[in-house]
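Text of start18.tsv, listed as TSV, C-alpha atoms:
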```
chain	number	residue	atom	x	y	z
P	1	MET	CA	0.00	0.00	0.00
P	2	ARG	CA	2.80	2.36	0.92
P	3	THR	CA	4.51	1.60	-2.33
P	4	VAL	CA	1.39	2.52	-4.26
P	5	LEU	CA	0.96	5.78	-2.35
P	6	ALA	CA	4.58	6.65	-2.89
P	7	ALA	CA	4.23	5.96	-6.60
P	8	VAL	CA	1.13	8.19	-6.79
P	9	ALA	CA	2.89	10.97	-4.89
P	10	ALA	CA	5.95	10.72	-7.10
P	11	THR	CA	3.75	10.82	-10.19
P	12	CYS	CA	2.00	13.95	-8.95
P	13	LEU	CA	5.31	15.66	-8.22
P	14	VAL	CA	6.69	14.81	-11.61
P	15	ALA	CA	3.47	15.82	-13.31
P	16	SER	CA	3.24	19.23	-11.60
P	17	PRO	CA	5.39	21.20	-14.03
P	18	VAL	CA	3.88	19.37	-16.96
P	19	CYS	CA	0.42	20.45	-15.82
P	20	ALA	CA	1.34	24.11	-16.34
P	21	GLN	CA	-1.14	25.60	-18.77
P	22	THR	CA	0.22	26.57	-22.13
P	23	THR	CA	0.44	30.32	-22.37
P	24	THR	CA	1.48	33.02	-24.79
P	25	ASP	CA	2.61	35.41	-22.10
P	26	VAL	CA	4.61	34.76	-18.99
P	27	THR	CA	3.87	35.68	-15.39
P	28	LEU	CA	6.98	36.98	-13.69
P	29	GLN	CA	5.22	38.05	-10.50
P	30	PRO	CA	4.64	35.53	-7.70
P	31	GLU	CA	1.07	35.01	-6.58
P	32	ASN	CA	1.81	36.28	-3.07
P	33	ARG	CA	3.99	39.21	-4.07
P	34	ALA	CA	4.99	41.72	-1.42
P	35	ARG	CA	2.70	44.72	-1.21
P	36	TRP	CA	4.76	46.89	1.12
P	37	ASP	CA	8.30	47.97	1.55
P	38	ALA	CA	9.99	49.87	4.35
P	39	ALA	CA	13.48	51.28	4.47
P	40	PHE	CA	15.89	53.30	6.56
P	41	HIS	CA	18.38	55.64	4.98
P	42	LEU	CA	21.30	57.96	5.53
P	43	GLY	CA	22.07	60.76	3.17
P	44	TRP	CA	23.68	64.00	2.27
P	45	LEU	CA	21.36	66.97	1.96
P	46	GLY	CA	22.19	70.24	0.22
P	47	VAL	CA	19.82	73.19	0.69
P	48	ASN	CA	19.78	76.36	-1.37
P	49	LYS	CA	19.89	79.57	0.70
P	50	ALA	CA	20.60	82.02	-2.09
P	51	GLU	CA	18.08	84.50	-0.66
P	52	ILE	CA	20.28	85.25	2.35
P	53	ALA	CA	23.77	83.94	1.65
P	54	PRO	CA	26.46	85.23	-0.70
P	55	GLU	CA	26.90	83.44	-3.97
P	56	TRP	CA	30.06	81.62	-2.91
P	57	ASN	CA	28.33	79.99	0.05
P	58	ASN	CA	24.64	79.86	-0.71
P	59	TRP	CA	24.11	76.12	-0.17
P	60	TYR	CA	24.54	74.43	3.15
P	61	ASP	CA	25.17	70.73	3.55
P	62	ALA	CA	23.81	68.46	6.21
P	63	ALA	CA	23.79	64.80	6.98
P	64	SER	CA	20.33	63.31	6.91
P	65	ALA	CA	18.62	60.23	8.21
P	66	GLY	CA	15.12	58.90	7.96
P	67	GLY	CA	12.72	56.19	7.04
P	68	SER	CA	10.11	55.44	4.43
P	69	ALA	CA	7.25	53.08	3.76
P	70	ALA	CA	5.47	52.40	0.49
P	71	TYR	CA	2.54	50.40	-0.80
P	72	TYR	CA	2.62	48.77	-4.23
P	73	LEU	CA	-0.56	49.57	-6.14
P	74	THR	CA	0.73	47.39	-8.98
P	75	PRO	CA	4.02	45.49	-9.41
P	76	HIS	CA	5.46	48.70	-10.88
P	77	VAL	CA	3.65	51.61	-9.25
P	78	LYS	CA	3.93	52.40	-5.58
P	79	VAL	CA	2.86	55.24	-3.31
P	80	GLY	CA	4.95	56.07	-0.31
P	81	ILE	CA	5.60	58.36	2.59
P	82	ASP	CA	8.93	59.38	3.94
P	83	ILE	CA	10.36	61.34	6.83
P	84	THR	CA	13.89	62.73	6.80
P	85	ARG	CA	15.69	64.70	9.46
P	86	GLY	CA	18.70	66.82	8.57
P	87	THR	CA	21.46	67.76	10.98
P	88	GLN	CA	21.88	71.40	11.97
P	89	ASN	CA	24.05	73.51	9.73
P	90	HIS	CA	24.44	77.10	8.63
P	91	VAL	CA	25.41	79.66	6.03
P	92	TYR	CA	27.48	82.80	6.59
P	93	SER	CA	26.68	86.25	5.34
P	94	TYR	CA	28.37	89.60	5.92
P	95	PRO	CA	26.20	92.61	6.68
P	96	THR	CA	27.20	95.85	4.96
P	97	SER	CA	27.30	97.71	8.29
P	98	TYR	CA	30.82	97.97	9.70
P	99	ILE	CA	29.57	97.67	13.27
P	100	ALA	CA	28.43	94.11	12.81
P	101	GLY	CA	30.41	90.96	12.22
P	102	PRO	CA	29.60	87.95	10.11
P	103	ARG	CA	26.10	86.66	10.48
P	104	GLN	CA	25.44	82.97	10.78
P	105	ASP	CA	22.01	81.68	9.80
P	106	GLU	CA	21.46	78.26	11.29
P	107	PHE	CA	18.99	75.71	10.03
P	108	ARG	CA	17.63	72.33	10.78
P	109	THR	CA	14.95	70.62	8.74
P	110	THR	CA	12.51	67.80	8.92
P	111	THR	CA	10.98	66.80	5.60
P	112	PHE	CA	7.80	64.81	5.11
P	113	THR	CA	7.36	63.48	1.59
P	114	GLY	CA	4.58	61.79	-0.31
P	115	THR	CA	5.68	60.09	-3.52
P	116	VAL	CA	4.41	58.12	-6.44
P	117	ALA	CA	7.15	56.03	-8.02
P	118	TYR	CA	7.42	53.80	-11.05
P	119	GLN	CA	9.70	50.81	-10.69
P	120	LEU	CA	11.13	49.19	-13.79
P	121	LEU	CA	11.56	45.45	-14.37
P	122	ASP	CA	9.65	42.50	-12.94
P	123	ASN	CA	10.67	40.54	-9.87
P	124	ALA	CA	14.34	41.20	-10.60
P	125	TRP	CA	17.37	41.61	-8.37
P	126	PHE	CA	17.93	45.17	-9.57
P	127	HIS	CA	15.11	47.68	-9.99
P	128	PRO	CA	15.69	51.24	-11.22
P	129	PHE	CA	12.89	53.64	-10.33
P	130	VAL	CA	11.76	57.21	-10.89
P	131	GLY	CA	9.21	59.16	-8.93
P	132	VAL	CA	7.51	62.45	-8.23
P	133	GLY	CA	6.13	63.80	-5.02
P	134	ILE	CA	5.56	66.65	-2.63
P	135	ASP	CA	8.07	67.65	0.04
P	136	VAL	CA	6.62	69.33	3.09
P	137	VAL	CA	9.66	70.95	4.68
P	138	ARG	CA	9.52	71.98	8.30
P	139	GLU	CA	12.50	74.27	8.75
P	140	SER	CA	13.70	75.85	11.95
P	141	ALA	CA	16.01	78.83	11.54
P	142	ARG	CA	17.79	81.23	13.83
P	143	VAL	CA	20.35	83.96	13.47
P	144	ASN	CA	23.61	83.70	15.35
P	145	LEU	CA	25.66	86.91	15.59
P	146	PRO	CA	28.99	86.14	17.23
P	147	GLU	CA	30.65	88.69	19.50
P	148	TYR	CA	32.23	91.41	17.43
P	149	VAL	CA	34.85	94.01	18.37
P	150	PHE	CA	35.49	97.13	16.35
P	151	ARG	CA	37.27	100.45	16.83
P	152	PRO	CA	35.49	103.59	15.62
P	153	SER	CA	38.92	105.26	15.33
P	154	PRO	CA	42.52	104.29	16.13
P	155	THR	CA	42.45	106.26	19.36
P	156	ALA	CA	38.96	105.39	20.53
P	157	PRO	CA	38.35	102.48	22.87
P	158	PRO	CA	37.10	99.31	21.22
P	159	VAL	CA	33.38	98.75	21.09
P	160	ILE	CA	32.27	95.24	21.86
P	161	VAL	CA	29.06	94.06	20.27
P	162	PRO	CA	27.91	91.08	22.34
P	163	ALA	CA	26.93	87.84	20.76
P	164	GLN	CA	23.27	87.45	19.96
P	165	ILE	CA	21.29	84.37	19.16
P	166	SER	CA	17.70	84.67	18.10
P	167	ASP	CA	14.97	82.19	18.94
P	168	TRP	CA	14.26	79.41	16.51
P	169	GLN	CA	11.73	80.47	13.90
P	170	LEU	CA	9.64	77.77	12.33
P	171	SER	CA	8.46	77.77	8.74
P	172	VAL	CA	6.69	75.14	6.66
P	173	ASN	CA	6.87	74.96	2.87
P	174	ALA	CA	5.56	72.49	0.33
P	175	ARG	CA	7.55	71.83	-2.82
P	176	PRO	CA	7.37	69.44	-5.74
P	177	MET	CA	10.18	66.94	-5.89
P	178	LEU	CA	11.67	64.38	-8.27
P	179	THR	CA	13.56	61.25	-7.42
P	180	ALA	CA	15.49	58.59	-9.29
P	181	GLY	CA	17.46	55.65	-8.04
P	182	PHE	CA	17.57	51.91	-7.73
P	183	LYS	CA	16.82	49.03	-5.43
P	184	GLY	CA	19.36	46.24	-5.40
P	185	TYR	CA	18.15	43.11	-3.65
P	186	VAL	CA	20.49	41.09	-1.47
P	187	SER	CA	17.88	38.42	-0.80
P	188	GLU	CA	14.30	37.75	-1.90
P	189	ARG	CA	12.95	40.47	0.39
P	190	ALA	CA	15.88	42.60	1.58
P	191	PHE	CA	17.31	45.36	-0.51
P	192	LEU	CA	19.78	48.22	-0.62
P	193	ARG	CA	18.41	51.41	-2.06
P	194	SER	CA	20.20	54.48	-3.34
P	195	GLU	CA	18.61	57.54	-4.87
P	196	LEU	CA	19.03	61.17	-5.79
P	197	ARG	CA	16.20	63.55	-4.93
P	198	ALA	CA	15.68	67.18	-5.79
P	199	ALA	CA	13.00	69.64	-4.70
P	200	PHE	CA	12.06	72.72	-6.67
P	201	SER	CA	10.35	76.06	-6.33
P	202	SER	CA	9.18	78.25	-9.17
P	203	LYS	CA	12.53	80.05	-9.12
P	204	ARG	CA	15.19	77.43	-8.52
P	205	THR	CA	16.30	74.08	-7.20
P	206	GLU	CA	15.67	74.27	-3.46
P	207	SER	CA	17.39	71.14	-2.27
P	208	VAL	CA	19.25	68.09	-3.47
P	209	GLU	CA	19.69	64.95	-1.47
P	210	TRP	CA	21.62	61.81	-2.11
P	211	ARG	CA	20.65	58.97	0.15
P	212	SER	CA	21.31	55.31	0.57
P	213	GLY	CA	19.85	52.73	2.89
P	214	PHE	CA	18.40	49.31	3.35
P	215	GLY	CA	14.94	47.91	3.66
P	216	PHE	CA	12.56	44.98	3.34
P	217	ASP	CA	9.57	43.97	1.28
P	218	PHE	CA	6.70	42.43	3.18
S	1	MET	CA	23.19	60.53	-55.90
S	2	THR	CA	20.71	60.83	-53.03
S	3	VAL	CA	17.99	59.18	-55.09
S	4	THR	CA	20.31	56.32	-55.98
S	5	ARG	CA	21.19	55.82	-52.33
S	6	SER	CA	17.54	55.87	-51.30
S	7	ILE	CA	16.65	53.25	-53.91
S	8	ALA	CA	19.57	51.10	-52.81
S	9	LEU	CA	18.49	51.40	-49.17
S	10	PHE	CA	14.89	50.53	-50.05
S	11	LEU	CA	15.95	47.47	-52.04
S	12	SER	CA	18.23	46.34	-49.24
S	13	LEU	CA	15.37	46.60	-46.75
S	14	MET	CA	13.05	44.69	-49.06
S	15	LEU	CA	15.64	41.95	-49.37
S	16	THR	CA	15.98	41.59	-45.62
S	17	LEU	CA	12.24	41.54	-44.84
S	18	PRO	CA	11.44	38.11	-46.31
S	19	ASN	CA	14.32	36.58	-44.36
S	20	THR	CA	13.00	37.93	-41.07
S	21	ALA	CA	9.51	36.70	-41.84
S	22	ALA	CA	10.79	33.28	-42.71
S	23	ALA	CA	12.78	33.06	-39.51
S	24	GLN	CA	9.76	34.00	-37.41
S	25	ALA	CA	7.33	31.69	-39.14
S	26	GLY	CA	5.80	29.07	-36.84
S	27	GLY	CA	7.06	27.46	-33.69
S	28	ASP	CA	8.77	24.54	-35.44
S	29	VAL	CA	12.03	26.43	-35.42
S	30	TRP	CA	11.92	26.76	-31.64
S	31	ARG	CA	10.76	23.18	-31.14
S	32	ASP	CA	13.83	22.01	-33.06
S	33	PHE	CA	16.04	24.46	-31.19
S	34	VAL	CA	14.86	23.33	-27.76
S	35	ALA	CA	15.30	19.69	-28.71
S	36	LYS	CA	19.01	20.35	-29.12
S	37	VAL	CA	19.45	22.24	-25.85
S	38	ASP	CA	20.21	20.47	-22.60
S	39	VAL	CA	17.64	20.62	-19.81
S	40	GLY	CA	18.85	23.10	-17.21
S	41	THR	CA	20.29	25.49	-19.77
S	42	GLU	CA	19.68	29.16	-19.10
S	43	LEU	CA	17.82	30.81	-21.97
S	44	ASP	CA	17.24	34.37	-23.04
S	45	VAL	CA	13.62	34.44	-24.23
S	46	HIS	CA	11.77	37.10	-26.24
S	47	LEU	CA	8.04	36.59	-26.79
S	48	GLN	CA	5.89	37.86	-29.63
S	49	ASN	CA	4.08	40.14	-27.17
S	50	GLY	CA	7.32	41.96	-26.33
S	51	GLN	CA	8.07	40.23	-23.06
S	52	HIS	CA	11.70	39.44	-22.43
S	53	PHE	CA	13.06	37.31	-19.62
S	54	ARG	CA	15.68	34.77	-18.66
S	55	ALA	CA	14.60	31.26	-17.82
S	56	THR	CA	15.87	27.78	-17.19
S	57	LEU	CA	14.79	25.08	-19.64
S	58	LEU	CA	12.95	22.29	-17.83
S	59	GLY	CA	11.50	20.32	-20.72
S	60	THR	CA	9.16	20.35	-23.67
S	61	ARG	CA	5.62	19.38	-24.56
S	62	ASP	CA	4.06	18.97	-27.98
S	63	ASP	CA	2.98	22.58	-28.14
S	64	ALA	CA	5.08	24.33	-25.55
S	65	VAL	CA	8.40	24.64	-23.84
S	66	LEU	CA	8.53	24.40	-20.06
S	67	LEU	CA	10.48	27.26	-18.58
S	68	GLN	CA	11.34	28.33	-15.06
S	69	PRO	CA	11.79	32.12	-15.23
S	70	ARG	CA	14.87	33.30	-13.38
S	71	THR	CA	13.29	35.75	-10.98
S	72	ARG	CA	14.14	36.96	-7.50
S	73	VAL	CA	11.04	35.42	-5.91
S	74	THR	CA	10.31	32.06	-7.48
S	75	VAL	CA	7.32	31.91	-9.82
S	76	PRO	CA	5.52	28.82	-11.16
S	77	VAL	CA	6.87	26.89	-14.12
S	78	GLN	CA	5.55	28.39	-17.35
S	79	ALA	CA	4.50	26.39	-20.40
S	80	VAL	CA	5.18	28.82	-23.20
S	81	ALA	CA	3.65	28.02	-26.57
S	82	PHE	CA	6.25	27.63	-29.31
S	83	ASP	CA	4.19	29.97	-31.47
S	84	ALA	CA	4.49	32.70	-28.84
S	85	ILE	CA	8.29	32.75	-29.02
S	86	ALA	CA	9.90	35.49	-31.07
S	87	ARG	CA	13.52	34.82	-30.21
S	88	MET	CA	15.42	32.51	-27.93
S	89	ALA	CA	19.10	31.99	-27.25
S	90	SER	CA	21.24	30.10	-24.82
S	91	ARG	CA	23.03	32.18	-22.21
S	92	ARG	CA	25.61	29.50	-21.54
S	93	ASP	CA	28.56	31.74	-22.37
S	94	ARG	CA	27.17	34.99	-21.07
S	95	GLY	CA	28.10	34.79	-17.42
S	96	MET	CA	29.76	37.64	-15.62
S	97	GLY	CA	33.50	37.56	-16.15
S	98	ALA	CA	36.04	38.08	-13.42
S	99	GLY	CA	36.97	41.46	-14.90
S	100	LYS	CA	33.41	42.70	-14.88
S	101	ALA	CA	32.87	41.44	-11.34
S	102	ALA	CA	36.06	43.15	-10.19
S	103	LEU	CA	35.05	46.39	-11.88
S	104	ILE	CA	31.63	46.36	-10.20
S	105	GLY	CA	33.26	45.63	-6.85
S	106	ILE	CA	35.76	48.46	-7.21
S	107	ALA	CA	33.08	50.91	-8.36
S	108	SER	CA	30.76	49.95	-5.49
S	109	GLY	CA	33.56	50.26	-2.95
S	110	ALA	CA	34.68	53.62	-4.26
S	111	ALA	CA	31.11	54.96	-4.33
S	112	THR	CA	30.48	53.79	-0.77
S	113	PHE	CA	33.75	55.31	0.45
S	114	LEU	CA	33.01	58.66	-1.22
S	115	ALA	CA	29.48	58.64	0.17
S	116	ILE	CA	30.71	58.03	3.71
S	117	VAL	CA	33.34	60.77	3.35
S	118	ALA	CA	30.69	63.16	2.03
S	119	ILE	CA	28.34	62.43	4.92
S	120	VAL	CA	31.13	62.85	7.48
S	121	PHE	CA	32.17	66.16	5.92
S	122	ALA	CA	28.58	67.34	5.89
S	123	ALA	CA	28.14	66.38	9.52
S	124	ILE	CA	31.27	68.17	10.77
S	125	ASP	CA	31.20	71.04	8.30
S	126	ASP	CA	32.61	74.25	9.80
```
Turn this file's structure into structure tokens for me.
Amino acid sequence: MRTVLAAVAATCLVASPVCAQTTTDVTLQPENRARWDAAFHLGWLGVNKAEIAPEWNNWYDAASAGGSAAYYLTPHVKVGIDITRGTQNHVYSYPTSYIAGPRQDEFRTTTFTGTVAYQLLDNAWFHPFVGVGIDVVRESARVNLPEYVFRPSPTAPPVIVPAQISDWQLSVNARPMLTAGFKGYVSERAFLRSELRAAFSSKRTESVEWRSGFGFDF
Amino acid sequence: MTVTRSIALFLSLMLTLPNTAAAQAGGDVWRDFVAKVDVGTELDVHLQNGQHFRATLLGTRDDAVLLQPRTRVTVPVQAVAFDAIARMASRRDRGMGAGKAALIGIASGAATFLAIVAIVFAAIDD
């Protein structure tokens, strides 16, 4: 009896691939494909501050870190949200008044992004993608005026202008953004992702960020 | 001169068209091809509908070839009708060479190093 059962089981196993229905197109997506992905990332963020900083120093750089999650509407199209925090950094500017020293505008940003991305290729180990979205940038800014000493004349005593630091001022702006990059899988579900993102206003490129990280499909 | 060249180009195209049509006619060509390929061979497959994928040859049926697409997440074995195949070739000799692998490794390493340096500089700037 066992022999018969074993023979039937073996026949079924052998017959499985042969039972595949003849087709004229091929399915490259698994039936239980992952619908979500989540990732963590580190990056390098450049922000344009041309409205306050001199031309030679009108971008500031900051390290950034954050996370993202996305839902696949189709195997190629996904919608996602992302949060990125930039480290504090600053730009210098020099007021025209001779009784003030260099001015340091300090910034720190948190960016919330909603994206729609198109991912090329099917169920591959390497997936390039492009996307568009909206950056909602929450920026805190303050002005730091270091202590400054000047002499009105060679014989006059020096005048000391004490250091001043303003309170943090919060602003929120929404900007369209573009992204392009790739996901390289290291296993069926785990991937490394690298991308370049840029946000724009009607006048200029407002920020550029390169980021890289790792994540999982689930 | 331009007219002569145009006529020559047109005639050349007309001469090549029948050859292409003949090569694409029917699935018999691919049935014969698959019969000469070892099971387990990796194939580069183009279908008439424009799909392109790599797959491992598992066997044949009267009307179809049994292929296991080479995907990241495994998908079911596909029985692809011979008539649906536009082009198929063995990928036996198309593996990644040591030089290409080394180049990719060096490029990845350099990119990672530069990225880390950039992030560190950004973090400690000024």
Distance cut-off 9 Å, counting only C-alpha atoms - which residues of chain P neighbour chain S? Return them as an MDAnalysis selection string. chainID P and resid 16:31 33 42:45 60:64 87:90 122:125 185 187:189 210:212
So that I can check the surroundings of Asp217 (chain P), please list as a PDB file with C-alpha atoms, keeping the file's coordinate frame every protein, DNA and RNA residue that reaches within 12 Å of it, counting all atoms listed in the file and ignoring chain neighbours fewer than 4 positions away.
```pdb
ATOM      1  CA  ASN P  32       1.810  36.280  -3.070  1.00  0.00           C
ATOM      2  CA  ARG P  33       3.990  39.210  -4.070  1.00  0.00           C
ATOM      3  CA  ALA P  34       4.990  41.720  -1.420  1.00  0.00           C
ATOM      4  CA  ARG P  35       2.700  44.720  -1.210  1.00  0.00           C
ATOM      5  CA  TRP P  36       4.760  46.890   1.120  1.00  0.00           C
ATOM      6  CA  ASP P  37       8.300  47.970   1.550  1.00  0.00           C
ATOM      7  CA  ALA P  38       9.990  49.870   4.350  1.00  0.00           C
ATOM      8  CA  ALA P  39      13.480  51.280   4.470  1.00  0.00           C
ATOM      9  CA  SER P  68      10.110  55.440   4.430  1.00  0.00           C
ATOM     10  CA  ALA P  69       7.250  53.080   3.760  1.00  0.00           C
ATOM     11  CA  ALA P  70       5.470  52.400   0.490  1.00  0.00           C
ATOM     12  CA  TYR P  71       2.540  50.400  -0.800  1.00  0.00           C
ATOM     13  CA  TYR P  72       2.620  48.770  -4.230  1.00  0.00           C
ATOM     14  CA  ASN P 123      10.670  40.540  -9.870  1.00  0.00           C
ATOM     15  CA  LYS P 183      16.820  49.030  -5.430  1.00  0.00           C
ATOM     16  CA  TYR P 185      18.150  43.110  -3.650  1.00  0.00           C
ATOM     17  CA  VAL P 186      20.490  41.090  -1.470  1.00  0.00           C
ATOM     18  CA  SER P 187      17.880  38.420  -0.800  1.00  0.00           C
ATOM     19  CA  GLU P 188      14.300  37.750  -1.900  1.00  0.00           C
ATOM     20  CA  ARG P 189      12.950  40.470   0.390  1.00  0.00           C
ATOM     21  CA  ALA P 190      15.880  42.600   1.580  1.00  0.00           C
ATOM     22  CA  PHE P 191      17.310  45.360  -0.510  1.00  0.00           C
ATOM     23  CA  LEU P 192      19.780  48.220  -0.620  1.00  0.00           C
TER      24      LEU P 192
ATOM     25  CA  VAL S  73      11.040  35.420  -5.910  1.00  0.00           C
TER      26      VAL S  73
END
```
How many Å lie between CA of Leu170 (chain P) and CA of Gly213 (chain P), rounded to one decimal? 28.6 Å
I'd like the interatomic distance between CA of Ala199 (chain P) and CA of Met177 (chain P), to a tenth of an Å.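 Between these atoms lies a distance of 4.1 Å.
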For the point (3.9, 51.0, -9.4) in the file's frame, write as a ChimeraX atom specification all residues with an atom no more than 10 Å away, counting all atoms listed in the file. /P:71-79,116-120,129,131
d(CA of Tyr148 (chain P), CA of Val161 (chain P)) in Å: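 CA of Val161 (chain P) lies 5.0 Å from CA of Tyr148 (chain P).
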